[in-house]
file target-v9.txt (compact mmCIF, C-alpha atoms and all ligand atoms)
# COMPACT_ATOMS: atom_id res chain seq x y z
CA MET A 1 -90.94 21.55 105.98
CA ALA A 2 -92.32 20.84 109.44
CA GLU A 3 -90.88 17.99 111.46
CA ALA A 4 -92.44 14.56 110.96
CA ALA A 5 -95.07 13.50 113.46
CA LEU A 6 -93.64 10.50 115.28
CA ILE A 7 -95.74 7.34 115.17
CA ASP A 8 -95.76 6.22 118.79
CA GLY A 9 -95.73 2.43 118.52
CA LYS A 10 -95.04 2.11 122.21
CA ALA A 11 -98.26 3.91 123.16
CA PHE A 12 -100.32 2.15 120.46
CA ALA A 13 -98.99 -1.24 121.57
CA ALA A 14 -99.84 -0.43 125.21
CA SER A 15 -103.40 0.42 124.22
CA LEU A 16 -103.67 -2.75 122.07
CA ARG A 17 -102.41 -4.87 124.97
CA GLU A 18 -104.98 -3.28 127.25
CA ARG A 19 -107.79 -4.01 124.78
CA VAL A 20 -106.58 -7.60 124.39
CA GLY A 21 -106.50 -7.93 128.19
CA THR A 22 -110.14 -6.80 128.33
CA GLY A 23 -110.99 -9.32 125.59
CA VAL A 24 -109.27 -12.08 127.57
CA ALA A 25 -111.22 -11.23 130.74
CA GLU A 26 -114.53 -11.13 128.83
CA LEU A 27 -113.86 -14.44 127.08
CA THR A 28 -112.89 -16.17 130.31
CA ALA A 29 -115.91 -14.77 132.16
CA SER A 30 -118.41 -15.74 129.45
CA THR A 31 -117.05 -19.13 128.35
CA GLY A 32 -114.57 -20.29 131.01
CA ILE A 33 -111.89 -20.43 128.30
CA ARG A 34 -108.60 -18.87 129.32
CA PRO A 35 -106.41 -18.17 126.27
CA GLY A 36 -103.16 -20.14 126.48
CA LEU A 37 -99.88 -19.39 124.71
CA ALA A 38 -97.15 -22.03 124.46
CA THR A 39 -93.65 -20.80 123.64
CA ILE A 40 -90.83 -23.04 122.45
CA LEU A 41 -87.22 -21.95 122.61
CA VAL A 42 -84.52 -24.28 121.32
CA GLY A 43 -80.96 -23.40 122.33
CA ASP A 44 -79.62 -20.45 124.30
CA ASP A 45 -79.40 -17.55 121.85
CA PRO A 46 -79.42 -14.52 124.20
CA ALA A 47 -81.65 -12.30 122.00
CA SER A 48 -84.18 -15.14 121.57
CA GLN A 49 -84.20 -15.70 125.34
CA VAL A 50 -85.08 -12.03 125.88
CA TYR A 51 -87.85 -12.13 123.25
CA VAL A 52 -89.43 -15.33 124.61
CA ARG A 53 -89.27 -14.11 128.20
CA SER A 54 -91.06 -10.91 127.28
CA LYS A 55 -93.74 -12.81 125.31
CA SER A 56 -94.47 -15.08 128.31
CA ARG A 57 -94.48 -12.13 130.71
CA VAL A 58 -96.94 -10.11 128.63
CA ALA A 59 -99.20 -13.15 128.16
CA ALA A 60 -99.38 -13.57 131.94
CA GLU A 61 -100.00 -9.82 132.44
CA LEU A 62 -102.99 -10.02 130.09
CA GLY A 63 -104.53 -12.93 132.02
CA MET A 64 -103.48 -15.66 129.60
CA ALA A 65 -101.97 -18.99 130.58
CA SER A 66 -98.37 -19.27 129.45
CA PHE A 67 -96.61 -22.59 128.86
CA ASP A 68 -92.88 -22.24 128.36
CA HIS A 69 -90.80 -25.00 126.80
CA ARG A 70 -87.01 -24.59 126.87
CA LEU A 71 -85.09 -27.22 124.95
CA PRO A 72 -81.33 -27.65 124.60
CA GLY A 73 -79.67 -26.63 121.33
CA THR A 74 -78.87 -30.30 120.67
CA THR A 75 -82.58 -31.24 120.54
CA ALA A 76 -83.42 -33.57 117.64
CA GLU A 77 -86.01 -32.41 115.11
CA SER A 78 -88.11 -35.51 115.94
CA ALA A 79 -88.29 -34.50 119.62
CA LEU A 80 -89.36 -30.98 118.68
CA LEU A 81 -92.02 -32.37 116.35
CA GLN A 82 -93.31 -34.62 119.16
CA LEU A 83 -93.67 -31.61 121.46
CA ILE A 84 -95.56 -29.68 118.77
CA THR A 85 -97.89 -32.65 118.19
CA ARG A 86 -98.61 -32.74 121.91
CA LEU A 87 -99.30 -28.99 122.05
CA ASN A 88 -101.52 -29.23 118.94
CA LYS A 89 -103.75 -31.65 120.89
CA ASP A 90 -103.68 -29.77 124.20
CA PRO A 91 -107.03 -27.95 124.68
CA ALA A 92 -105.44 -25.46 127.10
CA VAL A 93 -103.11 -24.21 124.35
CA HIS A 94 -104.57 -21.80 121.75
CA GLY A 95 -101.35 -20.41 120.36
CA ILE A 96 -97.98 -22.05 119.68
CA LEU A 97 -94.93 -19.87 119.13
CA VAL A 98 -91.69 -21.45 117.96
CA GLN A 99 -88.96 -18.87 118.45
CA LEU A 100 -86.82 -18.41 115.33
CA PRO A 101 -84.08 -18.89 114.31
CA LEU A 102 -83.87 -22.61 115.10
CA PRO A 103 -80.42 -24.17 115.47
CA LYS A 104 -79.10 -26.32 112.64
CA PRO A 105 -79.72 -29.06 111.54
CA ILE A 106 -83.41 -28.53 112.38
CA VAL A 107 -85.33 -27.68 109.19
CA THR A 108 -87.43 -24.62 110.03
CA ALA A 109 -89.98 -25.25 107.26
CA ASP A 110 -90.73 -28.75 108.69
CA ILE A 111 -91.36 -27.26 112.12
CA LEU A 112 -93.57 -24.42 110.90
CA ARG A 113 -95.62 -26.91 108.86
CA ALA A 114 -96.16 -29.11 111.92
CA VAL A 115 -97.98 -26.41 113.94
CA ASP A 116 -101.79 -26.65 113.76
CA PRO A 117 -102.79 -23.76 111.43
CA ASP A 118 -105.46 -22.77 113.98
CA LYS A 119 -102.78 -22.40 116.69
CA ASP A 120 -100.21 -20.76 114.40
CA VAL A 121 -100.18 -17.38 116.13
CA ASP A 122 -97.06 -16.33 114.20
CA GLY A 123 -98.90 -16.84 110.90
CA PHE A 124 -96.02 -18.75 109.30
CA HIS A 125 -97.80 -22.04 108.48
CA PRO A 126 -98.06 -22.45 104.67
CA MET A 127 -101.86 -22.51 104.93
CA ASN A 128 -101.92 -19.10 106.64
CA VAL A 129 -99.25 -17.74 104.27
CA GLY A 130 -101.51 -18.85 101.40
CA ARG A 131 -104.60 -17.31 102.99
CA LEU A 132 -102.86 -13.94 103.23
CA GLY A 133 -101.46 -14.30 99.71
CA SER A 134 -104.91 -14.87 98.23
CA ILE A 135 -106.93 -12.44 100.34
CA ALA A 136 -109.34 -10.16 98.51
CA SER A 137 -109.35 -6.40 98.90
CA GLY A 138 -110.89 -5.50 102.26
CA ALA A 139 -111.70 -9.12 103.19
CA PRO A 140 -111.62 -9.87 106.94
CA LEU A 141 -108.36 -11.06 108.48
CA ASP A 142 -110.01 -14.06 110.16
CA PHE A 143 -106.83 -16.13 110.34
CA PRO A 144 -103.46 -15.55 112.01
CA VAL A 145 -101.32 -12.91 110.27
CA PRO A 146 -97.57 -12.50 111.02
CA CYS A 147 -97.22 -10.21 114.01
CA THR A 148 -94.72 -7.57 112.85
CA PRO A 149 -96.49 -6.98 109.49
CA LEU A 150 -99.86 -6.83 111.29
CA GLY A 151 -98.37 -4.25 113.66
CA CYS A 152 -97.13 -2.15 110.71
CA SER A 153 -100.56 -2.17 109.07
CA MET A 154 -102.32 -1.28 112.35
CA LEU A 155 -99.97 1.69 112.86
CA LEU A 156 -100.55 2.91 109.29
CA ALA A 157 -104.33 2.59 109.53
CA ASP A 158 -104.32 4.40 112.88
CA THR A 159 -102.11 7.19 111.52
CA LEU A 160 -103.54 7.70 108.03
CA GLY A 161 -107.07 6.26 108.14
CA SER A 162 -107.87 4.95 104.66
CA LEU A 163 -104.79 3.81 102.72
CA SER A 164 -106.76 3.35 99.51
CA GLY A 165 -105.03 4.46 96.31
CA ARG A 166 -101.75 5.40 97.97
CA HIS A 167 -98.49 4.20 96.51
CA ALA A 168 -96.84 1.96 99.10
CA VAL A 169 -93.23 0.91 98.60
CA VAL A 170 -92.03 -1.99 100.75
CA ILE A 171 -88.27 -2.48 100.85
CA GLY A 172 -87.42 -6.09 101.77
CA ARG A 173 -89.05 -9.28 100.49
CA SER A 174 -88.59 -11.69 103.40
CA THR A 175 -91.38 -14.13 104.20
CA LEU A 176 -91.32 -12.86 107.80
CA VAL A 177 -91.79 -9.15 107.11
CA GLY A 178 -91.60 -7.68 103.58
CA ARG A 179 -93.96 -10.02 101.72
CA PRO A 180 -96.74 -10.14 104.34
CA VAL A 181 -96.56 -6.34 104.75
CA ALA A 182 -97.01 -5.98 100.99
CA GLN A 183 -100.02 -8.34 101.05
CA LEU A 184 -101.65 -6.40 103.87
CA LEU A 185 -101.16 -3.10 102.04
CA LEU A 186 -102.62 -4.60 98.87
CA ARG A 187 -105.64 -5.73 100.89
CA ALA A 188 -105.94 -2.11 102.07
CA ASP A 189 -106.14 -0.99 98.40
CA CYS A 190 -102.66 0.53 98.15
CA THR A 191 -100.73 0.33 94.90
CA VAL A 192 -97.79 -1.74 96.11
CA THR A 193 -94.23 -1.98 94.84
CA ILE A 194 -91.66 -4.26 96.49
CA GLY A 195 -88.00 -3.27 96.39
CA HIS A 196 -85.13 -5.55 97.41
CA SER A 197 -81.41 -6.13 97.16
CA ARG A 198 -81.50 -6.40 93.35
CA THR A 199 -83.71 -3.37 92.73
CA ARG A 200 -82.13 -0.79 90.44
CA ASP A 201 -82.06 2.73 91.88
CA LEU A 202 -83.71 2.04 95.19
CA ALA A 203 -83.51 5.74 96.12
CA ALA A 204 -85.59 6.77 93.09
CA LEU A 205 -88.16 4.06 93.87
CA CYS A 206 -88.44 5.21 97.49
CA ARG A 207 -89.04 8.80 96.35
CA THR A 208 -92.28 7.66 94.66
CA ALA A 209 -93.72 6.29 97.91
CA ASP A 210 -96.63 7.86 99.80
CA ILE A 211 -96.07 5.04 102.28
CA LEU A 212 -92.57 3.63 102.72
CA VAL A 213 -92.06 0.47 104.78
CA VAL A 214 -88.42 -0.52 105.22
CA ALA A 215 -87.46 -4.02 106.43
CA ILE A 216 -83.91 -4.64 105.28
CA GLY A 217 -81.64 -5.08 108.30
CA LYS A 218 -79.05 -2.52 107.11
CA PRO A 219 -78.41 0.35 109.53
CA GLU A 220 -79.67 3.70 108.18
CA LEU A 221 -79.48 2.62 104.54
CA VAL A 222 -82.49 4.76 103.59
CA ARG A 223 -81.40 8.42 103.63
CA GLY A 224 -83.52 11.51 104.10
CA ASP A 225 -83.30 12.50 100.42
CA TRP A 226 -84.78 9.10 99.43
CA ILE A 227 -88.07 10.12 101.04
CA LYS A 228 -90.94 11.93 99.32
CA PRO A 229 -91.81 15.03 101.37
CA GLY A 230 -94.76 14.25 103.64
CA ALA A 231 -94.59 10.44 103.20
CA ALA A 232 -95.46 8.04 106.02
CA VAL A 233 -92.35 6.00 106.85
CA ILE A 234 -92.41 2.75 108.83
CA ASP A 235 -88.93 1.61 109.84
CA VAL A 236 -88.98 -2.08 110.76
CA GLY A 237 -85.21 -2.46 111.03
CA ILE A 238 -83.54 -3.16 114.35
CA ASN A 239 -79.76 -2.90 114.11
CA ARG A 240 -77.29 -2.69 116.96
CA VAL A 241 -74.33 -0.50 115.97
CA ALA A 242 -71.09 0.16 117.85
CA LEU A 243 -70.49 3.74 118.98
CA GLY A 244 -66.74 3.31 119.23
CA ASP A 245 -66.48 3.80 122.99
CA GLY A 246 -67.44 0.20 123.76
CA LYS A 247 -71.11 1.20 123.87
CA THR A 248 -73.79 0.30 121.34
CA ARG A 249 -77.00 1.87 120.11
CA LEU A 250 -80.11 0.58 118.33
CA VAL A 251 -80.83 2.16 114.95
CA GLY A 252 -83.33 1.41 112.23
CA ASP A 253 -82.93 0.93 108.48
CA VAL A 254 -83.81 4.62 107.96
CA ALA A 255 -81.50 7.53 108.84
CA PHE A 256 -83.84 8.93 111.48
CA GLU A 257 -82.32 12.40 111.95
CA GLU A 258 -82.45 13.07 108.20
CA ALA A 259 -85.86 11.48 107.66
CA ARG A 260 -87.59 13.41 110.41
CA HIS A 261 -87.19 16.68 108.46
CA ILE A 262 -88.76 15.25 105.29
CA ALA A 263 -91.32 12.58 106.22
CA GLY A 264 -94.85 13.46 107.30
CA HIS A 265 -95.04 10.56 109.75
CA LEU A 266 -92.19 8.39 110.98
CA THR A 267 -91.68 5.49 113.41
CA PRO A 268 -88.72 5.85 115.77
CA VAL A 269 -86.34 2.97 116.57
CA PRO A 270 -86.73 1.85 119.29
CA GLY A 271 -90.35 2.56 120.22
CA GLY A 272 -91.97 2.25 116.78
CA VAL A 273 -92.74 -1.12 115.22
CA GLY A 274 -90.86 -3.18 117.84
CA PRO A 275 -93.46 -3.05 120.66
CA MET A 276 -96.25 -3.90 118.19
CA THR A 277 -94.89 -7.38 117.52
CA VAL A 278 -95.57 -8.80 121.00
CA ALA A 279 -98.91 -6.95 121.27
CA CYS A 280 -100.04 -8.50 117.95
CA LEU A 281 -98.95 -11.95 119.15
CA MET A 282 -101.31 -11.53 122.12
CA TYR A 283 -104.03 -10.29 119.74
CA ASN A 284 -103.61 -13.42 117.57
CA THR A 285 -103.68 -15.71 120.63
CA LEU A 286 -106.92 -14.13 121.86
CA GLN A 287 -108.46 -14.54 118.41
CA GLU A 288 -107.56 -18.23 118.27
CA ALA A 289 -109.04 -18.80 121.75
CA ARG A 290 -112.21 -17.05 120.55
CA ARG A 291 -112.30 -19.38 117.56
CA ARG A 292 -112.12 -22.37 119.95
CA ALA A 293 -115.12 -20.93 121.79
CA GLY A 294 -117.03 -20.75 118.49
CA LEU A 295 -116.81 -16.95 118.43
CA PRO A 296 -115.79 -14.96 115.34
CA PHE A 297 -112.59 -12.95 115.04
CA ALA A 298 -113.28 -9.54 116.51
CA ALA A 299 -111.47 -6.23 116.32
CA VAL A 300 -110.46 -5.17 119.83
P1 LIG B 401 -84.13 -10.63 106.08
O1 LIG B 401 -82.65 -10.58 106.16
O2 LIG B 401 -84.83 -11.92 106.07
O3 LIG B 401 -84.58 -9.87 104.75
C1 LIG B 401 -83.99 -8.65 104.37
C2 LIG B 401 -84.56 -8.19 103.06
O4 LIG B 401 -83.95 -6.96 102.73
C3 LIG B 401 -84.31 -9.15 101.89
O5 LIG B 401 -85.53 -9.35 101.22
C4 LIG B 401 -83.33 -8.42 100.99
O6 LIG B 401 -83.64 -8.56 99.61
C5 LIG B 401 -83.50 -6.97 101.38
N1 LIG B 401 -82.24 -6.26 101.31
C6 LIG B 401 -81.06 -6.59 101.91
N2 LIG B 401 -80.12 -5.69 101.60
C7 LIG B 401 -80.71 -4.77 100.80
C8 LIG B 401 -80.25 -3.60 100.17
N3 LIG B 401 -78.98 -3.17 100.29
N4 LIG B 401 -81.14 -2.90 99.43
C9 LIG B 401 -82.41 -3.31 99.30
N5 LIG B 401 -82.89 -4.41 99.90
C10 LIG B 401 -82.05 -5.12 100.64
O7 LIG B 401 -84.66 -9.71 107.26
P2 LIG B 401 -86.13 -9.59 107.93
O8 LIG B 401 -86.37 -10.74 108.83
O9 LIG B 401 -87.13 -9.25 106.90
O10 LIG B 401 -85.87 -8.33 108.90
C11 LIG B 401 -85.57 -7.06 108.36
C12 LIG B 401 -85.25 -6.11 109.49
O11 LIG B 401 -86.39 -6.00 110.33
C13 LIG B 401 -84.11 -6.55 110.42
O12 LIG B 401 -83.42 -5.41 110.85
C14 LIG B 401 -84.83 -7.18 111.59
O13 LIG B 401 -84.08 -7.09 112.78
C15 LIG B 401 -86.04 -6.31 111.66
N6 LIG B 401 -87.20 -6.96 112.30
C16 LIG B 401 -87.84 -6.27 113.25
C17 LIG B 401 -88.94 -6.83 113.88
C18 LIG B 401 -89.67 -6.03 114.91
O14 LIG B 401 -90.32 -6.58 115.76
N7 LIG B 401 -89.59 -4.72 114.85
C19 LIG B 401 -89.37 -8.11 113.54
C20 LIG B 401 -88.72 -8.78 112.52
C21 LIG B 401 -87.63 -8.19 111.89

call {"tool": "encode", "arguments": {"input": "target-v9.txt", "output": "structure tokens"}}
result
Amino acid sequence: MAEAALIDGKAFAASLRERVGTGVAELTASTGIRPGLATILVGDDPASQVYVRSKSRVAAELGMASFDHRLPGTTAESALLQLITRLNKDPAVHGILVQLPLPKPIVTADILRAVDPDKDVDGFHPMNVGRLGSIASGAPLDFPVPCTPLGCSMLLADTLGSLSGRHAVVIGRSTLVGRPVAQLLLRADCTVTIGHSRTRDLAALCRTADILVVAIGKPELVRGDWIKPGAAVIDVGINRVALGDGKTRLVGDVAFEEARHIAGHLTPVPGGVGPMTVACLMYNTLQEARRRAGLPFAAV
């Protein structure tokens, strides 16, 4: 079997960012509206700091306004809700991103519900979750869709063209990744099966997949012989593993070196799904700014 073609998420994300940047410039020139992204980080989790910094940097690179709010880990839920209420009303803000996880005792569901659904560029507000859950086959995605799942579906459509009729197996049922990925694949007319921690014989299920999306958070759990020859494999997992010499390495949920000899298409980790998340956040922010201008959602 030939080696899998690698799905270059890094290059696709760069081209998506460029197209979003063009969309930003056109919107600003024609309407005077400059898309604005507000980020909220509560506490000092180092990984979250890196993610939020990169989101603000990319927003600025694409010509968007970026409003960064850093709050101490001791912030009361009421103070966070007040900030969100203020940002909901601010006409310069088109997208609000609350970096997760939030420190306890803040109740994440309360916070996600407080964000205006039309500024919910992460797609986690119950109204947007419901929109995705009830979307008809092929209907337009004219509301914010969670960024990582949207990135997975863009990569698959770019790689395979029509997904109609293919058997897609999604491993992982989180509300952040697994479930929205499954909804997007259903919308694209795949036959979708969701596997999870209680699934019996996960390996046998994976072997039935024309498209295998893995979002588990377990380093290299999916082995090469779990993959149907020629399948398209999207590895969402990001796991840092120790190498034993004090160094660490990022690996996915799929055993890459085994999978590359069996899969037809495969995302590497890093450089696969990861870069798509921030690019899709910018895409969602542009779309919400277009909505404010009375313009329809538009593919870029
Ligand atoms: P999560 O912990 O919320 O959910 C994990 C899911 O995997 C659960 O539904 C669980 O049922 C399932 N699972 C756990 N162990 C399993 C097992 N042994 N067999 C089968 N299923 C099992 O995680 P999440 O937020 O969905 O993230 C999943 C992975 O994706 C993580 O590695 C995370 O770092 C990564 N991630 C990457 C990006 C990105 O930008 N690339 C974004 C979000 C998450």

call {"tool": "atom_distance", "arguments": {"input": "target-v9.txt", "atom1": "atom CA of Leu155 of chain A", "atom2": "atom CA of Gly9 of chain A"}}
result
7.1 Å

call {"tool": "residues_near_ligand", "arguments": {"input": "target-v9.txt", "ligand": "ligand LIG 401 (chain B)", "cutoff": "6 Å", "atoms": "all atoms listed in the file", "output": "ChimeraX atom specification"}}
result
/A:148,171-174,176-178,196-197,215-217,236-239,273-274,277

call {"tool": "residues_around", "arguments": {"input": "target-v9.txt", "residues": "segment 266-268 of chain A", "least_positions_apart": "5", "cutoff": "6 Å", "atoms": "only C-alpha atoms", "output": "PyMOL selection string"}}
result
chain A and resi 6-7+232-235

call {"tool": "closest_residue", "arguments": {"input": "target-v9.txt", "among": "A:Ser137, A:Met64, A:Arg53, A:Ala79", "to": "Leu27 of chain A", "atoms": "all atoms listed in the file"}}
result
A:Met64

call {"tool": "closest_residue", "arguments": {"input": "target-v9.txt", "among": "A:Arg207, A:Glu3, A:Val214, A:Gly73", "to": "His265 of chain A", "atoms": "only C-alpha atoms"}}
result
A:Glu3

call {"tool": "atom_distance", "arguments": {"input": "target-v9.txt", "atom1": "atom CA of Cys152 of chain A", "atom2": "atom CA of Tyr283 of chain A"}}
result
14.0 Å

call {"tool": "closest_residue", "arguments": {"input": "target-v9.txt", "among": "A:Gln183, A:Ser30, A:Gln287, A:Ser54", "to": "Ser66 of chain A", "atoms": "only C-alpha atoms"}}
result
A:Ser54

call {"tool": "atom_distance", "arguments": {"input": "target-v9.txt", "atom1": "atom CA of Gly230 of chain A", "atom2": "atom CA of Pro275 of chain A"}}
result
24.3 Å

call {"tool": "closest_residue", "arguments": {"input": "target-v9.txt", "among": "A:Ser48, A:Thr31, A:Thr39, A:Thr193", "to": "Gly294 of chain A", "atoms": "only C-alpha atoms"}}
result
A:Thr31

call {"tool": "closest_residue", "arguments": {"input": "target-v9.txt", "among": "A:Val20, A:Val145, A:Ala2, A:Leu100", "to": "Leu41 of chain A", "atoms": "only C-alpha atoms"}}
result
A:Leu100
